[in-house]
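This is work.pdb (PDB, C-alpha atoms, pLDDT in the B column).
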```pdb
ATOM      1  CA  MET A   1       1.069  -6.755  16.175  1.00 60.00           C
ATOM      2  CA  ASN A   2       1.828  -3.786  13.897  1.00 70.00           C
ATOM      3  CA  GLY A   3       0.599  -0.619  15.546  1.00 81.00           C
ATOM      4  CA  GLU A   4       2.576   1.664  13.251  1.00 86.00           C
ATOM      5  CA  ASP A   5       1.262   0.603   9.841  1.00 86.00           C
ATOM      6  CA  PRO A   6      -1.631  -1.857  10.355  1.00 91.00           C
ATOM      7  CA  GLN A   7      -3.138  -3.779   7.475  1.00 90.00           C
ATOM      8  CA  GLU A   8      -6.570  -2.473   8.523  1.00 92.00           C
ATOM      9  CA  ARG A   9      -5.663   1.071   7.415  1.00 95.00           C
ATOM     10  CA  PRO A  10      -8.050   2.147   4.620  1.00 95.00           C
ATOM     11  CA  GLU A  11      -6.935   3.902   1.455  1.00 96.00           C
ATOM     12  CA  GLN A  12      -8.496   7.214   2.518  1.00 96.00           C
ATOM     13  CA  ILE A  13      -6.424   7.327   5.693  1.00 97.00           C
ATOM     14  CA  ARG A  14      -3.305   6.284   3.788  1.00 95.00           C
ATOM     15  CA  ASN A  15      -3.806   9.238   1.421  1.00 95.00           C
ATOM     16  CA  ILE A  16      -4.284  11.675   4.302  1.00 96.00           C
ATOM     17  CA  ILE A  17      -1.187  10.761   6.298  1.00 94.00           C
ATOM     18  CA  GLY A  18       0.963  10.314   3.190  1.00 93.00           C
ATOM     19  CA  GLY A  19       0.245  13.669   1.562  1.00 92.00           C
ATOM     20  CA  LEU A  20      -0.517  17.346   2.103  1.00 93.00           C
ATOM     21  CA  GLU A  21      -4.011  16.492   3.285  1.00 93.00           C
ATOM     22  CA  ARG A  22      -2.520  15.695   6.699  1.00 93.00           C
ATOM     23  CA  TYR A  23      -2.310  19.488   7.242  1.00 95.00           C
ATOM     24  CA  ASN A  24      -5.932  20.133   6.293  1.00 96.00           C
ATOM     25  CA  PRO A  25      -7.927  20.932   9.463  1.00 96.00           C
ATOM     26  CA  GLN A  26     -10.949  19.205   7.938  1.00 95.00           C
ATOM     27  CA  ALA A  27      -9.040  15.915   7.958  1.00 97.00           C
ATOM     28  CA  ALA A  28      -9.344  15.857  11.754  1.00 97.00           C
ATOM     29  CA  GLU A  29     -12.938  14.627  11.560  1.00 97.00           C
ATOM     30  CA  VAL A  30     -11.948  11.726   9.312  1.00 97.00           C
ATOM     31  CA  LEU A  31      -9.061  10.754  11.591  1.00 98.00           C
ATOM     32  CA  GLU A  32     -11.301  10.995  14.672  1.00 98.00           C
ATOM     33  CA  ALA A  33     -13.805   8.622  13.077  1.00 98.00           C
ATOM     34  CA  TYR A  34     -10.931   6.281  12.215  1.00 98.00           C
ATOM     35  CA  LEU A  35      -9.767   6.371  15.840  1.00 98.00           C
ATOM     36  CA  ASN A  36     -13.268   5.320  16.925  1.00 98.00           C
ATOM     37  CA  GLN A  37     -12.993   2.389  14.519  1.00 97.00           C
ATOM     38  CA  GLN A  38      -9.676   1.377  16.090  1.00 97.00           C
ATOM     39  CA  CYS A  39     -11.203   1.531  19.563  1.00 97.00           C
ATOM     40  CA  GLU A  40     -14.109  -0.684  18.521  1.00 97.00           C
ATOM     41  CA  GLU A  41     -12.212  -3.191  16.381  1.00 96.00           C
ATOM     42  CA  LYS A  42      -9.162  -3.785  18.626  1.00 94.00           C
ATOM     43  CA  PHE A  43      -6.416  -2.608  16.295  1.00 95.00           C
ATOM     44  CA  CYS A  44      -4.125   0.401  16.490  1.00 96.00           C
ATOM     45  CA  ASP A  45      -2.743   2.849  13.943  1.00 97.00           C
ATOM     46  CA  CYS A  46      -0.270   5.009  15.848  1.00 96.00           C
ATOM     47  CA  ASN A  47       0.923   6.732  12.689  1.00 96.00           C
ATOM     48  CA  ALA A  48      -2.572   8.006  11.857  1.00 97.00           C
ATOM     49  CA  ASN A  49      -3.242   8.926  15.475  1.00 97.00           C
ATOM     50  CA  ARG A  50      -0.083  11.029  15.636  1.00 97.00           C
ATOM     51  CA  ALA A  51      -1.212  12.808  12.474  1.00 97.00           C
ATOM     52  CA  LEU A  52      -4.419  13.693  14.338  1.00 98.00           C
ATOM     53  CA  LEU A  53      -2.449  14.999  17.332  1.00 97.00           C
ATOM     54  CA  LYS A  54      -0.340  17.079  14.950  1.00 96.00           C
ATOM     55  CA  LEU A  55      -3.527  18.638  13.546  1.00 97.00           C
ATOM     56  CA  TYR A  56      -4.607  19.439  17.108  1.00 96.00           C
ATOM     57  CA  GLN A  57      -1.199  21.029  17.659  1.00 95.00           C
ATOM     58  CA  LEU A  58      -1.698  23.253  14.615  1.00 95.00           C
ATOM     59  CA  ASN A  59      -5.387  23.868  15.302  1.00 95.00           C
ATOM     60  CA  PRO A  60      -5.874  23.999  19.089  1.00 94.00           C
ATOM     61  CA  ASP A  61      -9.501  25.064  18.686  1.00 94.00           C
ATOM     62  CA  ARG A  62     -10.267  21.546  17.437  1.00 95.00           C
ATOM     63  CA  ILE A  63      -8.804  19.701  20.450  1.00 95.00           C
ATOM     64  CA  LYS A  64     -11.051  17.107  22.069  1.00 96.00           C
ATOM     65  CA  ASP A  65      -9.846  15.812  25.439  1.00 96.00           C
ATOM     66  CA  GLU A  66     -11.468  12.400  25.033  1.00 97.00           C
ATOM     67  CA  VAL A  67      -9.771  11.876  21.679  1.00 97.00           C
ATOM     68  CA  ILE A  68      -6.365  12.648  23.202  1.00 97.00           C
ATOM     69  CA  THR A  69      -6.824  10.191  26.065  1.00 97.00           C
ATOM     70  CA  ASN A  70      -8.113   7.497  23.702  1.00 98.00           C
ATOM     71  CA  ILE A  71      -5.021   7.935  21.515  1.00 98.00           C
ATOM     72  CA  LEU A  72      -2.767   7.582  24.556  1.00 98.00           C
ATOM     73  CA  VAL A  73      -4.584   4.466  25.771  1.00 98.00           C
ATOM     74  CA  LYS A  74      -4.321   2.875  22.310  1.00 97.00           C
ATOM     75  CA  ALA A  75      -0.605   3.726  22.208  1.00 97.00           C
ATOM     76  CA  MET A  76      -0.195   2.173  25.655  1.00 97.00           C
ATOM     77  CA  THR A  77      -1.457  -1.186  24.376  1.00 96.00           C
ATOM     78  CA  GLN A  78       1.620  -1.384  22.119  1.00 96.00           C
ATOM     79  CA  PHE A  79       4.058  -1.807  25.027  1.00 96.00           C
ATOM     80  CA  PRO A  80       6.958  -2.170  25.196  1.00 96.00           C
ATOM     81  CA  SER A  81       7.467   0.572  22.608  1.00 95.00           C
ATOM     82  CA  VAL A  82       7.991   4.302  22.173  1.00 96.00           C
ATOM     83  CA  GLN A  83       4.461   4.858  20.848  1.00 96.00           C
ATOM     84  CA  PHE A  84       3.091   6.378  24.059  1.00 97.00           C
ATOM     85  CA  ASP A  85       5.999   8.820  24.385  1.00 97.00           C
ATOM     86  CA  LEU A  86       5.823   9.793  20.709  1.00 96.00           C
ATOM     87  CA  SER A  87       2.157  10.715  21.167  1.00 97.00           C
ATOM     88  CA  LEU A  88       2.888  12.503  24.417  1.00 96.00           C
ATOM     89  CA  HIS A  89       5.492  14.736  22.765  1.00 95.00           C
ATOM     90  CA  LEU A  90       2.852  16.089  20.374  1.00 96.00           C
ATOM     91  CA  LEU A  91       0.776  17.471  23.236  1.00 95.00           C
ATOM     92  CA  SER A  92       1.043  20.934  24.719  1.00 87.00           C
ATOM     93  CA  PRO A  93       3.711  21.079  27.459  1.00 84.00           C
ATOM     94  CA  SER A  94       1.043  22.416  29.803  1.00 73.00           C
ATOM     95  CA  HIS A  95      -0.624  19.005  29.509  1.00 73.00           C
ATOM     96  CA  SER A  96       2.287  16.604  29.076  1.00 69.00           C
ATOM     97  CA  ASN A  97       4.632  18.311  31.557  1.00 66.00           C
ATOM     98  CA  PRO A  98       2.438  20.499  33.773  1.00 61.00           C
ATOM     99  CA  GLY A  99       3.816  22.764  36.458  1.00 57.00           C
ATOM    100  CA  PRO A 100       3.050  22.293  40.147  1.00 58.00           C
ATOM    101  CA  ASN A 101       0.105  24.698  39.979  1.00 55.00           C
ATOM    102  CA  SER A 102      -1.384  23.316  36.768  1.00 57.00           C
ATOM    103  CA  ALA A 103      -4.739  21.640  37.178  1.00 63.00           C
ATOM    104  CA  SER A 104      -7.228  20.428  34.579  1.00 86.00           C
ATOM    105  CA  GLU A 105      -9.141  17.246  33.882  1.00 91.00           C
ATOM    106  CA  LEU A 106      -6.984  16.496  30.838  1.00 93.00           C
ATOM    107  CA  THR A 107      -3.758  17.113  32.760  1.00 92.00           C
ATOM    108  CA  GLU A 108      -4.891  14.755  35.535  1.00 93.00           C
ATOM    109  CA  ALA A 109      -5.939  12.103  33.022  1.00 95.00           C
ATOM    110  CA  ILE A 110      -2.601  12.260  31.183  1.00 96.00           C
ATOM    111  CA  GLY A 111      -0.737  11.998  34.473  1.00 94.00           C
ATOM    112  CA  LYS A 112      -2.612   8.837  35.413  1.00 96.00           C
ATOM    113  CA  LEU A 113      -2.055   7.287  31.992  1.00 97.00           C
ATOM    114  CA  ARG A 114       1.670   8.018  32.256  1.00 97.00           C
ATOM    115  CA  VAL A 115       1.755   6.041  35.494  1.00 97.00           C
ATOM    116  CA  LEU A 116       0.067   3.044  33.861  1.00 98.00           C
ATOM    117  CA  ASN A 117       2.345   3.187  30.831  1.00 98.00           C
ATOM    118  CA  ALA A 118       5.481   3.396  32.976  1.00 98.00           C
ATOM    119  CA  GLN A 119       4.413   0.286  34.889  1.00 98.00           C
ATOM    120  CA  LEU A 120       3.803  -1.673  31.685  1.00 98.00           C
ATOM    121  CA  GLU A 121       7.089  -0.518  30.175  1.00 97.00           C
ATOM    122  CA  GLY A 122       8.867  -1.545  33.363  1.00 97.00           C
ATOM    123  CA  ALA A 123       7.183  -4.980  33.386  1.00 97.00           C
ATOM    124  CA  GLN A 124       5.581  -4.116  36.742  1.00 98.00           C
ATOM    125  CA  TYR A 125       2.459  -6.006  35.813  1.00 98.00           C
ATOM    126  CA  ASP A 126       1.183  -6.635  39.349  1.00 97.00           C
ATOM    127  CA  ARG A 127       1.394  -2.919  40.096  1.00 98.00           C
ATOM    128  CA  PHE A 128      -0.310  -2.058  36.810  1.00 98.00           C
ATOM    129  CA  TRP A 129      -3.412  -4.078  37.663  1.00 98.00           C
ATOM    130  CA  ALA A 130      -3.459  -2.739  41.222  1.00 97.00           C
ATOM    131  CA  THR A 131      -3.214   0.833  39.938  1.00 98.00           C
ATOM    132  CA  LEU A 132      -5.930   0.225  37.353  1.00 97.00           C
ATOM    133  CA  GLU A 133      -8.289  -0.884  40.131  1.00 96.00           C
ATOM    134  CA  SER A 134      -7.325   1.910  42.519  1.00 96.00           C
ATOM    135  CA  ASP A 135      -9.315   4.759  40.966  1.00 95.00           C
ATOM    136  CA  ASP A 136     -12.600   4.880  39.037  1.00 95.00           C
ATOM    137  CA  LEU A 137     -11.018   7.448  36.716  1.00 96.00           C
ATOM    138  CA  TYR A 138      -8.954   4.666  35.130  1.00 96.00           C
ATOM    139  CA  ALA A 139     -12.150   2.853  34.168  1.00 95.00           C
ATOM    140  CA  ASP A 140     -13.479   6.071  32.639  1.00 96.00           C
ATOM    141  CA  LEU A 141     -10.275   6.578  30.648  1.00 97.00           C
ATOM    142  CA  THR A 142     -10.289   3.082  29.166  1.00 97.00           C
ATOM    143  CA  THR A 143     -14.030   2.550  28.706  1.00 96.00           C
ATOM    144  CA  ASP A 144     -13.988   3.538  25.005  1.00 97.00           C
ATOM    145  CA  ILE A 145     -11.301   0.956  24.214  1.00 97.00           C
ATOM    146  CA  THR A 146     -13.122  -2.304  23.523  1.00 97.00           C
ATOM    147  CA  GLY A 147     -11.338  -5.246  25.146  1.00 96.00           C
ATOM    148  CA  PHE A 148      -8.661  -3.082  26.772  1.00 97.00           C
ATOM    149  CA  GLU A 149      -7.876  -5.502  29.613  1.00 97.00           C
ATOM    150  CA  GLU A 150      -7.952  -8.472  27.244  1.00 97.00           C
ATOM    151  CA  MET A 151      -5.422  -6.801  24.929  1.00 96.00           C
ATOM    152  CA  ILE A 152      -3.130  -6.037  27.853  1.00 98.00           C
ATOM    153  CA  ARG A 153      -3.330  -9.638  29.110  1.00 98.00           C
ATOM    154  CA  LEU A 154      -2.585 -11.029  25.670  1.00 97.00           C
ATOM    155  CA  ARG A 155       0.406  -8.737  25.274  1.00 97.00           C
ATOM    156  CA  ILE A 156       1.756  -9.673  28.711  1.00 98.00           C
ATOM    157  CA  ALA A 157       1.302 -13.359  27.881  1.00 97.00           C
ATOM    158  CA  GLN A 158       3.182 -12.874  24.620  1.00 96.00           C
ATOM    159  CA  LEU A 159       6.083 -11.212  26.422  1.00 97.00           C
ATOM    160  CA  VAL A 160       6.119 -13.931  29.094  1.00 97.00           C
ATOM    161  CA  SER A 161       6.264 -16.600  26.392  1.00 96.00           C
ATOM    162  CA  GLN A 162       9.397 -14.955  24.987  1.00 95.00           C
ATOM    163  CA  ALA A 163      11.253 -15.248  28.282  1.00 94.00           C
ATOM    164  CA  TYR A 164       9.968 -18.339  30.095  1.00 95.00           C
ATOM    165  CA  ARG A 165       9.334 -22.027  29.533  1.00 95.00           C
ATOM    166  CA  GLU A 166       7.711 -22.641  32.936  1.00 95.00           C
ATOM    167  CA  VAL A 167       5.801 -20.290  35.256  1.00 96.00           C
ATOM    168  CA  GLN A 168       3.906 -20.861  38.481  1.00 97.00           C
ATOM    169  CA  PRO A 169       0.154 -20.112  38.174  1.00 96.00           C
ATOM    170  CA  SER A 170       0.337 -17.938  41.283  1.00 96.00           C
ATOM    171  CA  VAL A 171       2.900 -15.704  39.546  1.00 97.00           C
ATOM    172  CA  LEU A 172       0.804 -15.431  36.400  1.00 97.00           C
ATOM    173  CA  GLU A 173      -2.236 -14.615  38.510  1.00 97.00           C
ATOM    174  CA  GLY A 174      -0.584 -11.338  39.515  1.00 97.00           C
ATOM    175  CA  TRP A 175       0.948 -10.605  36.119  1.00 98.00           C
ATOM    176  CA  LEU A 176      -2.328 -11.157  34.257  1.00 98.00           C
ATOM    177  CA  GLY A 177      -4.561  -9.455  36.807  1.00 97.00           C
ATOM    178  CA  LEU A 178      -6.764 -12.517  37.299  1.00 97.00           C
ATOM    179  CA  ASP A 179      -8.619 -13.442  40.483  1.00 95.00           C
ATOM    180  CA  SER A 180      -7.610 -17.075  40.958  1.00 96.00           C
ATOM    181  CA  GLU A 181      -5.292 -19.798  39.752  1.00 94.00           C
ATOM    182  CA  GLU A 182      -8.275 -21.490  38.152  1.00 95.00           C
ATOM    183  CA  GLU A 183      -8.823 -18.411  35.993  1.00 97.00           C
ATOM    184  CA  VAL A 184      -5.136 -18.474  35.108  1.00 97.00           C
ATOM    185  CA  LYS A 185      -5.292 -22.123  34.030  1.00 96.00           C
ATOM    186  CA  LYS A 186      -8.376 -21.434  31.913  1.00 96.00           C
ATOM    187  CA  PHE A 187      -6.740 -18.407  30.265  1.00 97.00           C
ATOM    188  CA  VAL A 188      -3.417 -20.072  29.463  1.00 97.00           C
ATOM    189  CA  THR A 189      -4.987 -23.244  28.085  1.00 96.00           C
ATOM    190  CA  GLU A 190      -7.935 -21.790  26.175  1.00 96.00           C
ATOM    191  CA  THR A 191      -6.505 -18.440  25.045  1.00 96.00           C
ATOM    192  CA  CYS A 192      -2.752 -19.036  24.868  1.00 96.00           C
ATOM    193  CA  GLY A 193      -2.725 -22.720  23.992  1.00 95.00           C
ATOM    194  CA  TRP A 194      -0.287 -23.529  26.797  1.00 96.00           C
ATOM    195  CA  LYS A 195      -0.404 -26.556  29.086  1.00 96.00           C
ATOM    196  CA  VAL A 196      -0.577 -27.016  32.843  1.00 95.00           C
ATOM    197  CA  GLU A 197       1.374 -30.029  34.055  1.00 94.00           C
ATOM    198  CA  GLY A 198       2.252 -30.868  37.631  1.00 93.00           C
ATOM    199  CA  GLY A 199       0.755 -27.593  38.787  1.00 92.00           C
ATOM    200  CA  VAL A 200       3.122 -25.593  36.580  1.00 96.00           C
ATOM    201  CA  VAL A 201       2.258 -23.675  33.413  1.00 97.00           C
ATOM    202  CA  GLN A 202       4.264 -25.076  30.511  1.00 96.00           C
ATOM    203  CA  ILE A 203       5.021 -22.671  27.663  1.00 96.00           C
ATOM    204  CA  PRO A 204       5.893 -24.163  24.263  1.00 94.00           C
ATOM    205  CA  LYS A 205       9.423 -23.742  22.954  1.00 92.00           C
ATOM    206  CA  ASN A 206       9.875 -20.835  20.551  1.00 90.00           C
ATOM    207  CA  ALA A 207      12.714 -18.860  18.995  1.00 88.00           C
ATOM    208  CA  GLU A 208      12.875 -16.446  21.936  1.00 87.00           C
ATOM    209  CA  ASN A 209      12.596 -18.733  24.980  1.00 86.00           C
ATOM    210  CA  GLU A 210      14.724 -21.618  23.717  1.00 83.00           C
ATOM    211  CA  ALA A 211      18.108 -21.922  25.377  1.00 73.00           C
ATOM    212  CA  LYS A 212      20.812 -21.475  22.780  1.00 71.00           C
ATOM    213  CA  LYS A 213      24.330 -22.830  22.979  1.00 69.00           C
ATOM    214  CA  THR A 214      26.873 -20.087  22.527  1.00 66.00           C
ATOM    215  CA  GLU A 215      30.165 -20.952  20.946  1.00 64.00           C
ATOM    216  CA  ILE A 216      33.099 -18.608  21.400  1.00 66.00           C
ATOM    217  CA  ARG A 217      35.718 -19.113  18.766  1.00 67.00           C
ATOM    218  CA  GLU A 218      39.052 -17.399  18.591  1.00 69.00           C
ATOM    219  CA  ASP A 219      41.156 -17.774  15.485  1.00 69.00           C
ATOM    220  CA  VAL A 220      44.890 -17.833  16.279  1.00 63.00           C
ATOM    221  CA  THR A 221      47.240 -17.958  13.322  1.00 69.00           C
ATOM    222  CA  VAL A 222      50.721 -19.527  13.284  1.00 66.00           C
ATOM    223  CA  ASP A 223      52.215 -16.055  12.817  1.00 72.00           C
ATOM    224  CA  MET A 224      50.461 -14.738  15.941  1.00 68.00           C
ATOM    225  CA  PHE A 225      51.601 -17.771  17.957  1.00 62.00           C
ATOM    226  CA  SER A 226      55.226 -17.381  16.813  1.00 71.00           C
ATOM    227  CA  ARG A 227      55.242 -13.697  17.836  1.00 73.00           C
ATOM    228  CA  VAL A 228      54.081 -14.631  21.342  1.00 69.00           C
ATOM    229  CA  ILE A 229      56.861 -17.257  21.685  1.00 73.00           C
ATOM    230  CA  LYS A 230      59.466 -14.848  20.345  1.00 72.00           C
ATOM    231  CA  ARG A 231      58.421 -12.114  22.785  1.00 74.00           C
ATOM    232  CA  SER A 232      58.498 -14.595  25.681  1.00 70.00           C
ATOM    233  CA  TRP A 233      61.989 -15.742  24.690  1.00 69.00           C
ATOM    234  CA  GLU A 234      63.236 -12.155  24.455  1.00 70.00           C
ATOM    235  CA  ASP A 235      61.791 -11.319  27.895  1.00 68.00           C
ATOM    236  CA  ASN A 236      63.498 -14.330  29.450  1.00 67.00           C
ATOM    237  CA  ASN A 237      66.878 -13.484  27.946  1.00 66.00           C
ATOM    238  CA  ALA A 238      66.755  -9.753  28.536  1.00 60.00           C
TER     239      ALA A 238
END
```
Re-express the file's structure as structure tokens.
Amino acid sequence: MNGEDPQERPEQIRNIIGGLERYNPQAAEVLEAYLNQQCEEKFCDCNANRALLKLYQLNPDRIKDEVITNILVKAMTQFPSVQFDLSLHLLSPSHSNPGPNSASELTEAIGKLRVLNAQLEGAQYDRFWATLESDDLYADLTTDITGFEEMIRLRIAQLVSQAYREVQPSVLEGWLGLDSEEEVKKFVTETCGWKVEGGVVQIPKNAENEAKKTEIREDVTVDMFSRVIKRSWEDNNA
């Protein structure tokens, strides 16, 4: 998953973000259309999306709240990474770090997305799914992102496969936000290609989850050894 420089990036977008055109206010429309493509086709180009946020920063009259939240949701799908925070830092402080008396729909939306992102970054997957279901606003914020929940589940599964060889279905049920162990077994076998044996989900060995033998080697030369003996002899005869 390359959310910084995806292979799907067209030549026109490459020219915009790689040259002076990235400062042309008219380029915002092209980048907005490209964001819509990302939302529909399940890929992410964080580099291009940050260029769009930078144009909004320079041209606040062009800001579209829905575009900002869609960029943040797409960045969130790249967890664990700094993509969400990098996008957040390009927003007005009144939106990204509002004061106690600040209140707007965009500010509220950003606050809720920050909660979701923090839970994903902290591997609090059970809490993420519970939070997502706790308020209809979350559904509104993610509705433009085709397959949002599927992408999150796949990313969680990928991260789990890097750390575990065996997991109980009941544990995965919470981590993947599924409703039953039967759904878990169907997901891990059909989507992930894992196996369920003896009631336990078996994850294939890979470079990340394979136990590695660590060898600690210390090279001691004859000269070093002789100095130790000499010092010991001197201490004993002092």
Region 98-127 of chain A residues near region 48-66 of chain A within 10 Å, closest pair each, using only C-alpha atoms, as a tab-separated table:
```
residue	atom	partner	partner_atom	distance
A:Glu105	CA	A:Asp65	CA	8.6
A:Leu106	CA	A:Asp65	CA	6.1
A:Thr107	CA	A:Asp65	CA	9.6
A:Ala109	CA	A:Asp65	CA	9.3
A:Ile110	CA	A:Asp65	CA	9.9
```
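Applied to this file, the PyMOL selection byres ((chain A and resi 203-213) around 10) selects Leu159, Val160, Ser161, Gln162, Ala163, Tyr164, Arg165, Glu166, Val167, Val188, Cys192, Gly193, Trp194, Lys195, Val196, Val200, Val201, Gln202, Thr214, Glu215 and Ile216 of chain A.
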- Item | Residue neighbourhood region 130-143 of chain A, 10 Å, all atoms listed in the file, exclusion window fewer than 4 positions, as a count of residues only | 22
- State, in Å with one decimal place, the distance from CA of Pro169 (chain A) to CA of Lys185 (chain A). 7.1 Å
On this file, the PyMOL selection byres ((chain A and resi 40) around 8) gives some set of residues; write that set as a CSV table (one decimal) with C-alpha atoms, in the frame of the given file.
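And here's part_26.csv as it stands now:
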```csv
chain,number,residue,atom,x,y,z
A,36,ASN,CA,-13.3,5.3,16.9
A,37,GLN,CA,-13.0,2.4,14.5
A,38,GLN,CA,-9.7,1.4,16.1
A,39,CYS,CA,-11.2,1.5,19.6
A,41,GLU,CA,-12.2,-3.2,16.4
A,42,LYS,CA,-9.2,-3.8,18.6
A,144,ASP,CA,-14.0,3.5,25.0
A,145,ILE,CA,-11.3,1.0,24.2
A,146,THR,CA,-13.1,-2.3,23.5
```
- Would you write out, as number ranges by chain, every residue that the PyMOL selection byres ((chain A and resi 84) around 10) captures in this file? A: 46, 71-83, 85-89, 113-114, 117-118
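CA of Ile13 (chain A) is positioned 9.3 Å from CA of Ala27 (chain A).
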- Query: So how many Å separate CA of Asn47 (chain A) and CA of Leu31 (chain A), to one decimal?
  - Reply: 10.8 Å
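Here the question is which of A:His95, A:Glu190, A:Gln12, A:Leu176 gets nearest to Ile156 (chain A) using all atoms listed in the file, and that residue is A:Leu176.
Compared by their closest atoms to Ala33 (chain A), and using only C-alpha atoms, the residues A:Leu91, A:Val171, A:Ala123, A:Val67 rank with A:Val67 nearest.
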How would region 136-148 of chain A look with N, CA, C and O atoms restored, written as a CSV table (one decimal), in the frame of the given file?
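Result written to selection.csv:
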```csv
chain,number,residue,atom,x,y,z
A,136,ASP,N,-11.6,5.0,40.1
A,136,ASP,CA,-12.6,4.9,39.0
A,136,ASP,C,-12.3,5.7,37.8
A,136,ASP,O,-12.8,5.4,36.7
A,137,LEU,N,-11.4,6.7,37.9
A,137,LEU,CA,-11.0,7.4,36.7
A,137,LEU,C,-10.3,6.6,35.7
A,137,LEU,O,-10.5,6.8,34.5
A,138,TYR,N,-9.6,5.6,36.1
A,138,TYR,CA,-9.0,4.7,35.1
A,138,TYR,C,-10.0,3.9,34.3
A,138,TYR,O,-9.8,3.7,33.1
A,139,ALA,N,-11.1,3.5,34.9
A,139,ALA,CA,-12.2,2.9,34.2
A,139,ALA,C,-12.8,3.8,33.2
A,139,ALA,O,-13.1,3.4,32.0
A,140,ASP,N,-12.9,5.1,33.6
A,140,ASP,CA,-13.5,6.1,32.6
A,140,ASP,C,-12.6,6.3,31.4
A,140,ASP,O,-13.0,6.5,30.3
A,141,LEU,N,-11.2,6.3,31.7
A,141,LEU,CA,-10.3,6.6,30.6
A,141,LEU,C,-10.1,5.4,29.6
A,141,LEU,O,-9.7,5.7,28.5
A,142,THR,N,-10.5,4.2,30.1
A,142,THR,CA,-10.3,3.1,29.2
A,142,THR,C,-11.6,2.5,28.6
A,142,THR,O,-11.6,1.6,27.9
A,143,THR,N,-12.7,3.1,29.0
A,143,THR,CA,-14.0,2.6,28.7
A,143,THR,C,-14.3,2.5,27.2
A,143,THR,O,-15.0,1.7,26.7
A,144,ASP,N,-13.7,3.5,26.5
A,144,ASP,CA,-14.0,3.5,25.0
A,144,ASP,C,-13.2,2.5,24.2
A,144,ASP,O,-13.4,2.3,23.1
A,145,ILE,N,-12.2,1.9,24.9
A,145,ILE,CA,-11.3,1.0,24.2
A,145,ILE,C,-11.8,-0.5,24.4
A,145,ILE,O,-11.6,-1.1,25.5
A,146,THR,N,-12.5,-1.0,23.4
A,146,THR,CA,-13.1,-2.3,23.5
A,146,THR,C,-12.0,-3.3,23.8
A,146,THR,O,-11.0,-3.4,23.1
A,147,GLY,N,-12.3,-4.2,24.8
A,147,GLY,CA,-11.3,-5.2,25.1
A,147,GLY,C,-10.0,-4.8,25.7
A,147,GLY,O,-9.0,-5.5,25.5
A,148,PHE,N,-9.9,-3.6,26.3
A,148,PHE,CA,-8.7,-3.1,26.8
A,148,PHE,C,-7.9,-4.1,27.7
A,148,PHE,O,-6.7,-4.4,27.4
```
